[in-house]
Amino acid sequence: MNLSFSICDDNNEHIEEIKNTISKLGESHQVKVDSYTTAGELLQGLERAKATDKSLPNFVLVDIELPDIDGIELGKKIKELYPQIVLVFITSYVEYAVKGYEAKADRYLLKPISLKDIEGMVQDYLSEQTKVKRLILKDKEQEHLIFVKDIMYISAEDKCTILYTDNNKYIDYKSLNDYEKLLGDYGFFRIHRKYLINMYHHRSLSKGFVTLSNDVVLPLSRRREVQYRENLLKMLEKDLL
């Protein structure tokens, strides 16, 4: 399979190390790698690729510390403009990974990046391509196609459930229990009898409440808090592998 990568890091030595590591995938995949030392150059490169109908990269690896823009802000812009790209933060500091969830990053790799890191990232990407990642919801007027990753949370109402994305909400008649079973493998967790949230949209946890990346604050059941913390940590550890 053809795989393309873009790297944005202001350290040329780090760029060459990552390029050399990615090149070792060549035995099993055809690989193309572009590199940039500033956020501006990367964004221009992505814009040119889109404008000229060239393929956007499958993966964009962004160093969190860049000279011209904060890497988190760059990541947010990339996910907003090119949501299909796999956004990967690269950093020497594990504590940055938690902050990176604000940018909806797909993965975090700690420097120095090994071939095992890259192979694991690629394998997860290829596996994701075979998953059912969209839901089709029908109402009286039309069908709505929703990407699972875009669902922020789901709430249980009297006779229905409501699925919330960043910009819309959709009514459905499956139970919250049904959605909990359906979406459990996609990073969703039942934080309360009324709420099922997408942990990839987690921003913070404080005093029995979870804040999501769209600033929505939801109650976290006391008896579910320990398990939620454990699941969140496991998800973070998986992203750092």
# chains A, B, ... in the order shown; residues from 1 in each chain; ligands from 1
>>> select_by_dssp(residues="stretch 46-146 of chain A", states="strand (DSSP E or B)", output="list of chain:residue names")
A:Phe59, A:Val60, A:Leu61, A:Val62, A:Asp63, A:Val86, A:Leu87, A:Val88, A:Phe89, A:Ile90, A:Thr91, A:Arg107, A:Tyr108, A:Leu109, A:Leu110, A:Arg134, A:Leu135, A:Ile136, A:Leu137, A:Lys138, A:Glu143, A:His144, A:Leu145, A:Ile146
>>> select_by_dssp(residues="stretch 72-190 of chain A", states="helix (DSSP H, G or I)", output="ChimeraX atom specification")
/A:72-81,95-103,115-129,148-150,176-186
>>> closest_atom_pairs(of="stretch 120-165 of chain A", to="stretch 216-226 of chain A", cutoff="12 Å", atoms="only C-alpha atoms", output="CSV")
residue,atom,partner,partner_atom,distance
A:Met152,CA,A:Val216,CA,9.2
A:Tyr153,CA,A:Leu218,CA,9.5
A:Ile154,CA,A:Leu218,CA,10.9
A:Ser155,CA,A:Leu218,CA,10.1
A:Tyr164,CA,A:Val216,CA,10.4
A:Thr165,CA,A:Val216,CA,11.1
>>> write_last_selection(atoms="N, CA and C atoms", output="PDB file, in the first residue's frame")
ATOM      1  N   MET A 152     -19.567  13.776  20.150  1.00  0.00           N
ATOM      2  CA  MET A 152     -18.993  14.242  21.411  1.00  0.00           C
ATOM      3  C   MET A 152     -19.545  13.428  22.594  1.00  0.00           C
ATOM      4  N   TYR A 153     -20.868  13.320  22.625  1.00  0.00           N
ATOM      5  CA  TYR A 153     -21.514  12.522  23.675  1.00  0.00           C
ATOM      6  C   TYR A 153     -22.930  12.192  23.250  1.00  0.00           C
ATOM      7  N   ILE A 154     -23.532  11.246  23.979  1.00  0.00           N
ATOM      8  CA  ILE A 154     -24.906  10.828  23.717  1.00  0.00           C
ATOM      9  C   ILE A 154     -25.665  10.896  25.034  1.00  0.00           C
ATOM     10  N   SER A 155     -26.845  11.474  25.008  1.00  0.00           N
ATOM     11  CA  SER A 155     -27.648  11.583  26.231  1.00  0.00           C
ATOM     12  C   SER A 155     -28.927  10.771  26.110  1.00  0.00           C
ATOM     13  N   TYR A 164     -24.785  14.151  20.084  1.00  0.00           N
ATOM     14  CA  TYR A 164     -24.274  15.518  19.920  1.00  0.00           C
ATOM     15  C   TYR A 164     -22.912  15.493  19.221  1.00  0.00           C
ATOM     16  N   THR A 165     -22.813  16.269  18.136  1.00  0.00           N
ATOM     17  CA  THR A 165     -21.513  16.549  17.535  1.00  0.00           C
ATOM     18  C   THR A 165     -21.164  17.987  17.902  1.00  0.00           C
TER      19      THR A 165
END
>>> closest_residue(among="A:Asp68, A:Asp34, A:Asp9, A:Asp117", to="A:Thr21", atoms="only C-alpha atoms")
A:Asp117
